[in-house]
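Containing PDB, C-alpha atoms: upload_20.pdb.
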```
ATOM      1  CA  MET P  22     -13.103  11.068   5.769
ATOM      2  CA  ASP P  23     -13.173   8.190   3.286
ATOM      3  CA  ASP P  24      -9.809   6.857   2.127
ATOM      4  CA  ASP P  25     -10.114   6.570  -1.654
ATOM      5  CA  ARG P  26      -6.547   5.368  -2.224
ATOM      6  CA  PRO P  27      -6.039   1.924  -3.792
ATOM      7  CA  ASP P  28      -5.738  -0.728  -1.118
ATOM      8  CA  VAL P  29      -3.114  -2.596  -3.132
ATOM      9  CA  LEU P  30      -0.699  -1.377  -5.810
ATOM     10  CA  LEU P  31       0.922  -3.967  -8.093
ATOM     11  CA  THR P  32       3.197  -4.191 -11.072
ATOM     12  CA  GLY P  33       4.905  -7.081 -12.818
ATOM     13  CA  LEU P  34       4.817  -9.424 -15.783
ATOM     14  CA  LEU P  35       1.512 -11.001 -16.784
ATOM     15  CA  PHE P  36       1.214 -14.442 -18.397
ATOM     16  CA  TYR P  37      -1.529 -16.430 -20.035
ATOM     17  CA  ASP P  38      -1.455 -19.745 -18.153
ATOM     18  CA  LEU P  39      -2.477 -23.130 -19.518
ATOM     19  CA  VAL P  40      -2.413 -25.621 -16.627
ATOM     20  CA  LEU P  41      -2.582 -29.404 -17.136
ATOM     21  CA  THR P  42      -3.306 -31.567 -14.071
ATOM     22  CA  GLY P  43      -3.983 -35.202 -13.255
ATOM     23  CA  LEU P  44      -0.824 -36.532 -14.906
ATOM     24  CA  ALA P  45      -0.021 -40.094 -13.857
ATOM     25  CA  LYS P  46       3.664 -39.309 -14.355
ATOM     26  CA  PRO P  47       5.832 -36.639 -15.987
ATOM     27  CA  PRO P  48       6.202 -37.010 -19.772
ATOM     28  CA  THR P  49       9.434 -38.286 -21.270
ATOM     29  CA  PRO P  50      10.903 -37.344 -24.689
ATOM     30  CA  GLY P  51       8.859 -38.786 -27.512
ATOM     31  CA  GLU P  52       5.949 -39.704 -25.244
ATOM     32  CA  GLU P  53       2.364 -38.433 -25.398
ATOM     33  CA  ILE P  54       0.352 -38.348 -22.164
ATOM     34  CA  TRP P  55      -3.391 -37.718 -21.999
ATOM     35  CA  THR P  56      -4.966 -36.027 -19.006
ATOM     36  CA  ALA P  57      -8.501 -34.926 -18.189
ATOM     37  CA  GLY P  58      -7.527 -31.924 -16.040
ATOM     38  CA  MET P  59      -6.977 -28.537 -17.654
ATOM     39  CA  GLY P  60      -7.571 -24.871 -16.888
ATOM     40  CA  CYS P  61      -6.586 -21.566 -18.464
ATOM     41  CA  GLY P  62      -6.528 -17.901 -17.527
ATOM     42  CA  PRO P  63      -4.322 -15.001 -16.417
ATOM     43  CA  GLY P  64      -1.169 -15.769 -14.422
ATOM     44  CA  GLY P  65       2.005 -14.117 -13.203
ATOM     45  CA  ILE P  66       1.255 -10.793 -11.537
ATOM     46  CA  ALA P  67      -2.449 -11.465 -12.168
ATOM     47  CA  ASN P  68      -2.288 -14.069  -9.374
ATOM     48  CA  LEU P  69      -1.772 -11.333  -6.797
ATOM     49  CA  ALA P  70      -4.238  -8.954  -8.416
ATOM     50  CA  VAL P  71      -7.136 -11.406  -8.483
ATOM     51  CA  ALA P  72      -6.401 -12.784  -5.016
ATOM     52  CA  ALA P  73      -6.472  -9.253  -3.550
ATOM     53  CA  SER P  74      -9.533  -8.105  -5.483
ATOM     54  CA  ARG P  75     -11.532 -11.184  -4.449
ATOM     55  CA  PHE P  76     -11.042 -10.099  -0.830
ATOM     56  CA  GLY P  77     -12.691  -6.782  -1.627
ATOM     57  CA  LEU P  78      -9.459  -4.784  -1.852
ATOM     58  CA  ARG P  79      -9.293  -1.937  -4.362
ATOM     59  CA  THR P  80      -6.523  -3.262  -6.554
ATOM     60  CA  SER P  81      -4.511  -1.220  -9.064
ATOM     61  CA  LEU P  82      -2.335  -3.155 -11.518
ATOM     62  CA  ALA P  83       0.366  -1.801 -13.831
ATOM     63  CA  THR P  84       1.299  -4.434 -16.403
ATOM     64  CA  VAL P  85       1.735  -4.947 -20.144
ATOM     65  CA  PHE P  86      -0.750  -6.770 -22.384
ATOM     66  CA  GLY P  87       0.166  -7.988 -25.837
ATOM     67  CA  ASP P  88      -2.059  -6.976 -28.737
ATOM     68  CA  ASP P  89      -3.117 -10.598 -29.284
ATOM     69  CA  PHE P  90      -5.882 -12.957 -28.218
ATOM     70  CA  TYR P  91      -4.131 -13.859 -24.970
ATOM     71  CA  GLY P  92      -3.669 -10.231 -23.962
ATOM     72  CA  ALA P  93      -7.246  -9.298 -24.835
ATOM     73  CA  HIS P  94      -8.614 -12.265 -22.904
ATOM     74  CA  CYS P  95      -6.518 -11.528 -19.805
ATOM     75  CA  ARG P  96      -7.482  -7.849 -19.887
ATOM     76  CA  GLU P  97     -11.185  -8.704 -20.099
ATOM     77  CA  VAL P  98     -10.977 -11.192 -17.217
ATOM     78  CA  LEU P  99      -9.077  -8.816 -14.948
ATOM     79  CA  ARG P 100     -11.026  -5.642 -15.704
ATOM     80  CA  ASP P 101     -14.563  -6.880 -16.338
ATOM     81  CA  GLN P 102     -14.766 -10.097 -14.326
ATOM     82  CA  GLU P 103     -12.400  -9.429 -11.407
ATOM     83  CA  ASP P 104     -12.784  -5.633 -11.039
ATOM     84  CA  VAL P 105      -9.056  -4.877 -11.152
ATOM     85  CA  ASP P 106      -8.126  -1.271 -12.019
ATOM     86  CA  LEU P 107      -5.949  -1.346 -15.162
ATOM     87  CA  SER P 108      -5.570   2.414 -15.676
ATOM     88  CA  LEU P 109      -1.784   2.106 -15.150
ATOM     89  CA  SER P 110      -1.453  -0.783 -17.633
ATOM     90  CA  ARG P 111      -0.568  -0.606 -21.324
ATOM     91  CA  THR P 112      -1.127  -2.648 -24.467
ATOM     92  CA  ALA P 113       2.024  -3.086 -26.570
ATOM     93  CA  ASP P 114       1.669  -3.259 -30.352
ATOM     94  CA  GLY P 115       3.408  -6.240 -31.901
ATOM     95  CA  TRP P 116       4.453  -7.732 -28.562
ATOM     96  CA  PRO P 117       3.195 -11.251 -27.737
ATOM     97  CA  THR P 118       1.659 -11.866 -24.343
ATOM     98  CA  PRO P 119       3.838 -14.458 -22.567
ATOM     99  CA  VAL P 120       2.218 -17.914 -22.483
ATOM    100  CA  THR P 121       3.098 -20.550 -19.878
ATOM    101  CA  VAL P 122       2.176 -24.234 -20.007
ATOM    102  CA  SER P 123       2.215 -25.749 -16.513
ATOM    103  CA  LEU P 124       2.396 -29.521 -15.998
ATOM    104  CA  ALA P 125       1.263 -30.224 -12.433
ATOM    105  CA  HIS P 126       2.372 -33.527 -10.923
ATOM    106  CA  GLY P 127       3.036 -34.793  -7.404
ATOM    107  CA  GLY P 128       2.358 -31.508  -5.600
ATOM    108  CA  ASP P 129       4.764 -29.564  -7.833
ATOM    109  CA  ARG P 130       4.801 -28.439 -11.438
ATOM    110  CA  ALA P 131       7.061 -27.977 -14.450
ATOM    111  CA  LEU P 132       6.721 -24.816 -16.531
ATOM    112  CA  VAL P 133       7.413 -24.023 -20.186
ATOM    113  CA  THR P 134       7.043 -20.380 -21.233
ATOM    114  CA  HIS P 135       7.005 -18.628 -24.591
ATOM    115  CA  GLY P 136       7.659 -14.905 -24.414
ATOM    116  CA  GLN P 137       9.887 -11.863 -24.746
ATOM    117  CA  GLU P 138      11.021  -9.098 -22.429
ATOM    118  CA  PRO P 139       8.212  -6.515 -22.110
ATOM    119  CA  PRO P 140       8.708  -3.192 -23.922
ATOM    120  CA  TYR P 141       7.946  -1.195 -20.747
ATOM    121  CA  SER P 142       9.796  -1.553 -17.457
ATOM    122  CA  GLN P 143       8.099  -1.505 -14.070
ATOM    123  CA  ASP P 144       9.481   1.982 -13.445
ATOM    124  CA  ALA P 145       8.135   3.220 -16.797
ATOM    125  CA  LEU P 146       4.688   1.787 -16.049
ATOM    126  CA  MET P 147       4.540   3.240 -12.558
ATOM    127  CA  GLY P 148       6.219   6.608 -13.155
ATOM    128  CA  ASP P 149       5.355   8.521 -10.005
ATOM    129  CA  PRO P 150       3.196   5.846  -8.369
ATOM    130  CA  PRO P 151      -0.169   6.874  -6.959
ATOM    131  CA  GLU P 152      -0.569   6.917  -3.210
ATOM    132  CA  ALA P 153      -1.814   3.534  -2.020
ATOM    133  CA  ARG P 154      -2.369   1.862   1.319
ATOM    134  CA  THR P 155      -0.094  -1.062   0.426
ATOM    135  CA  ALA P 156       2.051  -2.330  -2.417
ATOM    136  CA  LEU P 157       2.858  -5.984  -3.026
ATOM    137  CA  VAL P 158       6.288  -6.212  -4.659
ATOM    138  CA  HIS P 159       8.744  -8.841  -5.830
ATOM    139  CA  LEU P 160      12.300  -7.886  -4.852
ATOM    140  CA  GLU P 161      14.990  -8.366  -7.497
ATOM    141  CA  ALA P 162      18.755  -7.906  -7.514
ATOM    142  CA  GLU P 163      18.383  -4.566  -9.318
ATOM    143  CA  PRO P 164      16.241  -2.265  -7.117
ATOM    144  CA  ARG P 165      13.165  -0.720  -8.748
ATOM    145  CA  GLU P 166      12.931   3.060  -8.402
ATOM    146  CA  TRP P 167       9.155   3.058  -8.033
ATOM    147  CA  ILE P 168       9.320   1.094  -4.769
ATOM    148  CA  ALA P 169      11.289   3.854  -3.050
ATOM    149  CA  LYS P 170       8.857   6.436  -4.404
ATOM    150  CA  ALA P 171       5.879   4.447  -3.144
ATOM    151  CA  ALA P 172       7.420   4.045   0.309
ATOM    152  CA  ALA P 173       8.088   7.806   0.418
ATOM    153  CA  ASN P 174       4.370   8.340  -0.332
ATOM    154  CA  GLY P 175       3.470   6.462   2.824
ATOM    155  CA  THR P 176       2.604   3.210   1.039
ATOM    156  CA  ARG P 177       3.337   0.139   3.166
ATOM    157  CA  VAL P 178       5.433  -2.233   1.094
ATOM    158  CA  TYR P 179       4.905  -5.991   1.462
ATOM    159  CA  ALA P 180       7.639  -7.878  -0.388
ATOM    160  CA  ASP P 181       8.532 -11.377  -1.456
ATOM    161  CA  VAL P 182      11.477 -12.714  -3.439
ATOM    162  CA  GLY P 183      12.119 -15.482  -5.920
ATOM    163  CA  TRP P 184      14.612 -18.250  -6.460
ATOM    164  CA  ASP P 185      18.105 -17.026  -7.370
ATOM    165  CA  PRO P 186      19.201 -18.989 -10.475
ATOM    166  CA  THR P 187      22.810 -17.875  -9.895
ATOM    167  CA  GLN P 188      22.788 -19.543  -6.448
ATOM    168  CA  GLN P 189      24.693 -16.518  -5.103
ATOM    169  CA  TRP P 190      21.926 -15.306  -2.783
ATOM    170  CA  SER P 191      23.550 -11.885  -2.444
ATOM    171  CA  ARG P 192      22.782 -10.253   0.886
ATOM    172  CA  ASP P 193      22.761  -6.925  -0.950
ATOM    173  CA  LEU P 194      19.167  -7.696  -1.898
ATOM    174  CA  LEU P 195      18.215  -7.528   1.778
ATOM    175  CA  ASP P 196      19.232  -3.847   1.815
ATOM    176  CA  GLN P 197      15.920  -3.177   0.055
ATOM    177  CA  LEU P 198      14.068  -4.285   3.193
ATOM    178  CA  ALA P 199      14.731  -0.812   4.591
ATOM    179  CA  LEU P 200      11.853   0.300   2.317
ATOM    180  CA  CYS P 201       9.532  -2.517   3.377
ATOM    181  CA  HIS P 202       6.950  -2.995   6.100
ATOM    182  CA  ALA P 203       6.825  -6.779   5.643
ATOM    183  CA  PHE P 204       8.866  -9.507   3.982
ATOM    184  CA  LEU P 205       7.323 -12.907   3.107
ATOM    185  CA  PRO P 206       9.890 -15.353   1.614
ATOM    186  CA  ASN P 207       9.616 -19.127   1.687
ATOM    187  CA  GLU P 208      11.930 -21.032   3.989
ATOM    188  CA  HIS P 209      14.444 -21.991   1.280
ATOM    189  CA  GLU P 210      14.826 -18.372   0.168
ATOM    190  CA  ALA P 211      14.895 -17.078   3.744
ATOM    191  CA  MET P 212      17.625 -19.491   4.848
ATOM    192  CA  ALA P 213      19.707 -18.876   1.738
ATOM    193  CA  TYR P 214      19.670 -15.084   2.057
ATOM    194  CA  THR P 215      20.308 -15.082   5.814
ATOM    195  CA  ARG P 216      22.899 -17.902   5.750
ATOM    196  CA  THR P 217      20.963 -19.869   8.372
ATOM    197  CA  ASP P 218      19.911 -23.521   8.517
ATOM    198  CA  THR P 219      16.374 -23.387   9.947
ATOM    199  CA  ALA P 220      13.243 -21.386   9.190
ATOM    200  CA  THR P 221      13.091 -20.037  12.751
ATOM    201  CA  ALA P 222      16.712 -18.891  12.643
ATOM    202  CA  ALA P 223      16.054 -17.171   9.320
ATOM    203  CA  LEU P 224      12.976 -15.516  10.815
ATOM    204  CA  ARG P 225      15.018 -14.128  13.719
ATOM    205  CA  ALA P 226      17.577 -12.680  11.296
ATOM    206  CA  LEU P 227      14.912 -11.101   9.073
ATOM    207  CA  ALA P 228      13.061  -9.646  12.059
ATOM    208  CA  GLU P 229      16.084  -7.417  12.625
ATOM    209  CA  LEU P 230      15.688  -5.945   9.136
ATOM    210  CA  VAL P 231      11.946  -5.405   8.661
ATOM    211  CA  PRO P 232       8.975  -4.699  10.993
ATOM    212  CA  VAL P 233       6.989  -7.790   9.958
ATOM    213  CA  ALA P 234       8.807 -10.966   8.916
ATOM    214  CA  VAL P 235       6.997 -14.069   7.644
ATOM    215  CA  VAL P 236       8.567 -17.348   6.527
ATOM    216  CA  THR P 237       6.324 -19.789   4.687
ATOM    217  CA  ARG P 238       7.063 -23.517   4.986
ATOM    218  CA  GLY P 239       4.801 -25.139   2.393
ATOM    219  CA  GLY P 240       3.144 -28.201   3.847
ATOM    220  CA  ARG P 241       4.355 -27.247   7.330
ATOM    221  CA  GLY P 242       2.581 -23.898   7.520
ATOM    222  CA  ALA P 243       4.279 -20.598   8.367
ATOM    223  CA  VAL P 244       5.977 -18.627  11.132
ATOM    224  CA  ALA P 245       6.013 -14.865  11.633
ATOM    225  CA  VAL P 246       7.135 -12.024  13.895
ATOM    226  CA  ASP P 247       5.512  -8.584  14.082
ATOM    227  CA  GLN P 248       7.908  -6.169  15.775
ATOM    228  CA  THR P 249       5.292  -3.405  15.778
ATOM    229  CA  THR P 250       3.028  -5.383  18.130
ATOM    230  CA  GLY P 251       5.522  -7.747  19.757
ATOM    231  CA  GLU P 252       3.675 -10.814  18.428
ATOM    232  CA  TYR P 253       5.079 -14.168  17.360
ATOM    233  CA  ALA P 254       2.971 -16.782  15.567
ATOM    234  CA  GLU P 255       3.481 -20.275  14.208
ATOM    235  CA  VAL P 256       0.642 -22.089  12.431
ATOM    236  CA  PRO P 257       0.406 -25.450  10.646
ATOM    237  CA  ALA P 258      -0.776 -25.964   7.098
ATOM    238  CA  LEU P 259      -4.163 -27.481   6.394
ATOM    239  CA  ASP P 260      -4.370 -31.112   5.336
ATOM    240  CA  VAL P 261      -5.627 -30.747   1.757
ATOM    241  CA  ASP P 262      -5.351 -32.623  -1.512
ATOM    242  CA  VAL P 263      -3.112 -30.604  -3.835
ATOM    243  CA  LEU P 264      -4.332 -30.357  -7.425
ATOM    244  CA  ASP P 265      -1.963 -27.565  -8.479
ATOM    245  CA  ALA P 266       0.280 -25.369  -6.306
ATOM    246  CA  THR P 267       0.720 -22.640  -8.945
ATOM    247  CA  GLY P 268       0.107 -19.219  -7.399
ATOM    248  CA  ALA P 269      -0.361 -20.459  -3.819
ATOM    249  CA  GLY P 270       2.368 -18.138  -2.547
ATOM    250  CA  ASP P 271       0.684 -15.179  -4.208
ATOM    251  CA  VAL P 272      -2.652 -16.076  -2.593
ATOM    252  CA  PHE P 273      -0.875 -16.310   0.756
ATOM    253  CA  GLY P 274       0.628 -12.830   0.328
ATOM    254  CA  ALA P 275      -2.584 -11.147  -0.806
ATOM    255  CA  SER P 276      -4.544 -12.785   2.018
ATOM    256  CA  PHE P 277      -1.989 -11.690   4.603
ATOM    257  CA  VAL P 278      -2.280  -8.115   3.337
ATOM    258  CA  ALA P 279      -6.088  -8.245   3.446
ATOM    259  CA  ALA P 280      -6.035  -9.424   7.060
ATOM    260  CA  SER P 281      -3.353  -6.881   7.955
ATOM    261  CA  LEU P 282      -5.448  -4.030   6.560
ATOM    262  CA  GLY P 283      -8.224  -5.313   8.794
ATOM    263  CA  GLY P 284      -5.994  -4.909  11.846
ATOM    264  CA  TRP P 285      -6.184  -8.590  12.827
ATOM    265  CA  PRO P 286      -3.826 -10.178  15.404
ATOM    266  CA  LEU P 287      -0.787 -11.870  13.884
ATOM    267  CA  THR P 288      -1.969 -15.439  14.523
ATOM    268  CA  GLU P 289      -5.260 -14.703  12.747
ATOM    269  CA  ARG P 290      -3.446 -13.068   9.830
ATOM    270  CA  LEU P 291      -1.192 -16.075   9.457
ATOM    271  CA  ARG P 292      -3.966 -18.673   9.781
ATOM    272  CA  PHE P 293      -6.103 -16.783   7.267
ATOM    273  CA  ALA P 294      -3.262 -16.681   4.729
ATOM    274  CA  VAL P 295      -2.495 -20.380   5.226
ATOM    275  CA  LEU P 296      -6.191 -21.216   4.768
ATOM    276  CA  ALA P 297      -6.566 -19.163   1.596
ATOM    277  CA  ALA P 298      -3.424 -20.689   0.083
ATOM    278  CA  GLY P 299      -4.652 -24.167   1.042
ATOM    279  CA  LEU P 300      -7.987 -23.575  -0.638
ATOM    280  CA  SER P 301      -6.281 -22.307  -3.796
ATOM    281  CA  VAL P 302      -4.219 -25.455  -4.425
ATOM    282  CA  GLN P 303      -7.405 -27.501  -4.766
ATOM    283  CA  HIS P 304      -8.174 -25.792  -8.093
ATOM    284  CA  HIS P 305      -6.305 -25.288 -11.348
ATOM    285  CA  GLY P 306      -3.523 -22.784 -10.811
ATOM    286  CA  GLY P 307      -3.111 -19.232 -11.948
ATOM    287  CA  ALA P 308      -5.087 -16.247 -10.828
ATOM    288  CA  LEU P 309      -8.518 -17.871 -10.925
ATOM    289  CA  ALA P 310      -7.707 -20.411  -8.187
ATOM    290  CA  ALA P 311      -7.905 -17.662  -5.526
ATOM    291  CA  PRO P 312     -10.794 -18.390  -3.112
ATOM    292  CA  GLY P 313     -11.807 -14.841  -2.103
ATOM    293  CA  TRP P 314     -14.336 -14.244   0.638
ATOM    294  CA  TYR P 315     -16.772 -16.593  -1.096
ATOM    295  CA  GLY P 316     -14.397 -19.549  -0.926
ATOM    296  CA  VAL P 317     -13.411 -18.938   2.693
ATOM    297  CA  ASP P 318     -17.047 -18.482   3.740
ATOM    298  CA  ARG P 319     -18.046 -21.701   1.961
ATOM    299  CA  TRP P 320     -15.255 -23.640   3.693
ATOM    300  CA  TRP P 321     -16.256 -22.290   7.113
ATOM    301  CA  ARG P 322     -19.967 -22.979   6.677
ATOM    302  CA  ARG P 323     -19.265 -26.562   5.704
ATOM    303  CA  SER P 324     -17.812 -26.975   9.221
ATOM    304  CA  PRO P 325     -14.284 -28.445   9.180
ATOM    305  CA  ALA P 326     -14.481 -32.013  10.460
ATOM    306  CA  ASP P 327     -11.453 -31.710  12.729
ATOM    307  CA  PRO P 328     -12.589 -30.016  15.973
ATOM    308  CA  ASP P 329      -9.085 -28.608  16.550
ATOM    309  CA  VAL P 330      -9.140 -26.948  13.126
ATOM    310  CA  ARG P 331     -12.597 -25.508  13.721
ATOM    311  CA  ARG P 332     -11.507 -24.166  17.098
ATOM    312  CA  ALA P 333      -8.333 -22.647  15.621
ATOM    313  CA  TYR P 334     -10.361 -20.888  12.923
ATOM    314  CA  GLY P 335     -13.198 -19.832  15.190
ATOM    315  CA  PHE P 336     -12.207 -16.194  14.669
ATOM    316  CA  LEU P 337     -13.736 -16.405  11.190
ATOM    317  CA  ALA P 338     -17.214 -16.274  12.716
ATOM    318  CA  ASP P 339     -16.553 -12.605  13.528
ATOM    319  CA  ARG P 340     -14.336 -11.799  10.536
ATOM    320  CA  LEU P 341     -16.348 -13.054   7.570
ATOM    321  CA  PRO P 342     -18.451 -10.380   5.833
ATOM    322  CA  ALA P 343     -22.230 -10.677   5.987
ATOM    323  CA  ASP P 344     -22.223 -10.850   2.190
ATOM    324  CA  PRO P 345     -19.247 -12.862   0.872
ATOM    325  CA  GLY P 346     -20.207 -12.040  -2.703
ATOM    326  CA  PRO P 347     -21.114 -14.259  -5.656
ATOM    327  CA  PRO P 348     -19.368 -17.562  -6.382
ATOM    328  CA  VAL P 349     -15.877 -17.080  -7.775
ATOM    329  CA  ARG P 350     -15.128 -18.222 -11.301
ATOM    330  CA  TYR P 351     -12.425 -20.842 -11.527
ATOM    331  CA  ALA P 352     -10.191 -21.444 -14.534
ATOM    332  CA  PRO P 353     -12.217 -22.674 -17.539
ATOM    333  CA  VAL P 354     -11.023 -25.584 -19.643
ATOM    334  CA  THR P 355     -11.082 -23.321 -22.703
ATOM    335  CA  PRO P 356     -11.560 -19.561 -22.854
ATOM    336  CA  PRO P 357     -14.933 -18.253 -24.004
ATOM    337  CA  ALA P 358     -15.325 -17.147 -27.611
ATOM    338  CA  PRO P 359     -14.504 -13.463 -28.197
ATOM    339  CA  ARG P 360     -17.457 -11.132 -27.893
ATOM    340  CA  CYS P 361     -18.680  -9.645 -31.149
TER     341      CYS P 361
END
```

Since I need it in another form, could you write the structure as C-alpha cells?
Amino acid sequence: MDDDRPDVLLTGLLFYDLVLTGLAKPPTPGEEIWTAGMGCGPGGIANLAVAASRFGLRTSLATVFGDDFYGAHCREVLRDQEDVDLSLSRTADGWPTPVTVSLAHGGDRALVTHGQEPPYSQDALMGDPPEARTALVHLEAEPREWIAKAAANGTRVYADVGWDPTQQWSRDLLDQLALCHAFLPNEHEAMAYTRTDTATAALRALAELVPVAVVTRGGRGAVAVDQTTGEYAEVPALDVDVLDATGAGDVFGASFVAASLGGWPLTERLRFAVLAAGLSVQHHGGALAAPGWYGVDRWWRRSPADPDVRRAYGFLADRLPADPGPPVRYAPVTPPAPRC
C-alpha cells in the first residue's frame, strides 16, 4: 500500500532574505561599501522546506505570509517553483513579512532583520498536525504542543536547537528529546547544553537521551551515533570555497532526513549531509542555495579530483536517482516582476 503521508512536516517563521556577498571587509558607521554579489529569496523555515523538497520529499509547511510583495513572492516561489505544500499556511492581513539583510564576509555573516511577531503561533498553525513520516523541528525553551501530538501520531521528530542569547543553556530543554528520534545541534550548542568540553563528549551525553545523535562541527565535518543500529560515524567536511554559509545547517538537516528515509547506513547519511551542506555554501544563502538531487548528481559526475574523496563518496553511484530532475534555481539578484 502506498504511503501518502507527507515525508516532512515543518513549521516556523519565514523571512524574505536579501544576501550581499563579496565584501572586502565589514562596513563601519558612515561608510558605504559596494559589492557585486547579491541574491534574494525565501529564508528562515523556507530553508528546510526547499532543501527537503529538492530531494524529492513531500514537504508540508505551516508558516505565515504577510499580505505584501515579500509574502506573495515567497509564497509563489515555495508553492509554484519548489512544490512545497502550503495548505497549512496562512496569509495575515496587515502583517509585514519579516525581511533580513545578510552581509556575508569571511565565512560568516551579519544579519539585520525588520519584522514583528507573527499573529499565529506554531501550535495555532498546526492544530492537530497531520500524520507525517518525519517532522523537522527547532527546539525552544517553551515546548510546542504540536510536537508532542506529532510524535504521538507516529511521526519521527528530527530536532535542532539555536543559540541561547541568555547564555543559560538550561538542561530543561533537553527534556524535549524524549519526543525526538534524532537531535542535530552544532558542537557549540551541544557542549553548552551537556556541560562538556569536546564534541565527542557531548555526543556521548546526547546519545543517552535520543536514539540518533548528531553533532555538526562546521569546517571539521560531523560525528554521529545511531543507537537503533549500533553505528558510530565521523566524517570530515569538504574543502570548498565558502560564498555564504546562511542556511547550511538547514540543508544538512534536510539531507540527513532524506538519507535516513532511504534507510542508508549512518556513515552514508552523514557524508551525504556534509556534501549537501558544502555544496550549498558555494551559492547565495537562503532557501535557494540548496543543491537537491540535481546539484549532488552534477558534483558526482564532474568526478571529484581527490581520489580519497571520490572513494569515500562512491556510494553515490548506487544512491543517485536515474533522473535527478531539472537544474535548480539559485537566488536571483532581483525578484522577477509580479505576474499580471

(request) Apply the PyMOL selection byres ((chain P and resi 334-338) around 10) to the structure shown and report the selected residues as a PyMOL selection string. (result) chain P and resi 285+289+292-293+296+317-318+321-322+325+328-333+339-342

(request) Would you kindly translate the PyMOL selection byres ((chain P and resi 253) around 10) into the concrete residues it picks from this file, as a list in words? (result) Val233, Ala234, Val235, Val244, Ala245, Val246, Asp247, Gln248, Thr250, Gly251, Glu252, Ala254, Glu255, Pro286, Leu287 and Thr288 of chain P

(message) Report as a list in words all protein, DNA and RNA residues lying within 6 Å of Gly58 (chain P), evaluated on all atoms listed in the file, omitting residues in the same chain fewer than 5 positions from it.
(response)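 The residues that qualify are Leu41, Thr42 and Gly43 of chain P.
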
(message) On this structure, the PyMOL selection byres ((chain P and resi 104) around 10) would catch which residues? List them as a VMD selection string, sorted by chain and number.
(response) chain P and resid 70 to 71 74 to 75 77 to 81 97 to 103 105 to 107

(request) Give me the residues within 12 Å of Asp25 (chain P) as a PyMOL selection string, counting all atoms listed in the file and dropping any in the same chain fewer than 3 places off. (result) chain P and resi 22+28-29+78-80+151-154

(message) Need to verify the contact set: Asn207 (chain P), 9 Å, all atoms listed in the file, exclusion of same-chain residues closer than 3 positions in sequence. Can you return it as a count of residues only?
(response) 14

(message) Measuring between all atoms listed in the file, which one of P:Leu146, P:Ala156, P:Ala203, P:Ala266 shows the shortest distance to Asn174 (chain P)?
(response) P:Ala156

(request) Dump as a list in words all residues having an atom at most 7 Å from (-2.0, -25.0, -7.6), computed in the file's coordinates with all atoms listed in the file. (result) Val263, Leu264, Asp265, Ala266, Thr267, Gly268, Ala269, Ser301, Val302, Gln303, His304, His305 and Gly306 of chain P

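Residue nearest Pro140 (chain P) within the list P:Ala113, P:Ala352, P:Ala343, P:Leu160: P:Ala113 [criterion: smallest interatomic distance, all atoms listed in the file].
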
(request) Using all atoms listed in the file, find the one residue out of P:Cys95, P:Leu31, P:Leu230, P:Ala294 that sits nearest to Asp196 (chain P). (result)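 Closest to Asp196 (chain P) of all the choices is P:Leu230.
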
(request) Fewer than 4 positions away in the same chain doesn't count, so skip those; otherwise give me all residues within 7 Å of Ser123 (chain P), counting only C-alpha atoms, as a PyMOL selection string. (result) chain P and resi 39-41+130-133

Filtering to C-alpha atoms, could you give me those residues as a compact mmCIF listing (two decimals), in the frame of the given file?
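Final file, result-v2.txt:
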```txt
# COMPACT_ATOMS: atom_id res chain seq x y z
CA LEU P 39 -2.48 -23.13 -19.52
CA VAL P 40 -2.41 -25.62 -16.63
CA LEU P 41 -2.58 -29.40 -17.14
CA ARG P 130 4.80 -28.44 -11.44
CA ALA P 131 7.06 -27.98 -14.45
CA LEU P 132 6.72 -24.82 -16.53
CA VAL P 133 7.41 -24.02 -20.19
```

(request) Can you work out the spacing between CA of Gly60 (chain P) and CA of Gly307 (chain P) in Å, to one decimal? (result)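 For CA of Gly60 (chain P) relative to CA of Gly307 (chain P), the distance reads 8.7 Å.
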
(message) Would you pick out the contacts of Asn68 (chain P) at 9 Å or less, using all atoms listed in the file, so that residues sharing its chain but fewer than 4 positions from it are not included, and give the list as a VMD selection string?
(response) chain P and resid 35 63 to 64 72 to 73 268 to 269 271 to 272 306 to 311

(request) Measuring atom to atom with only C-alpha atoms, identify which of P:Phe36, P:Trp184, P:Tyr214, P:Tyr179 is nearest to His202 (chain P). (result) P:Tyr179

(message) What does the structure give for the distance between CA of Val256 (chain P) and CA of Gln197 (chain P), in Å to one decimal?
(response)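 These two atoms are separated by 27.3 Å.
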
(request) To one decimal in Å, tell me the separation between CA of Gly92 (chain P) and CA of Lys170 (chain P). (result)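 Computing it gives 28.6 Å between the two atoms.
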
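Using all atoms listed in the file, every residue with an atom at most 8 Å from the point (-1.5, -37.8, -20.0) is listed here: Gly43, Leu44, Ala45, Lys46, Pro48, Glu53, Ile54, Trp55, Thr56 and Ala57 of chain P.
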
Let me know the centre plus edge lengths, in Å and rounded to one decimal, of a box with edges along x, y and z that contains all listed atoms of region 200-203 of chain P and is padded by 5 Å on every side, as AutoDock Vina command-line options.
```
--center_x 9.3 --center_y -3.2 --center_z 4.2 --size_x 15.0 --size_y 17.1 --size_z 13.8
```

(message) Let me make sure I understand: among P:Val85, P:Leu34, P:Ala258, P:Met59, which one has the smallest atom-to-atom distance to Thr355 (chain P) if we use all atoms listed in the file?
(response) P:Met59
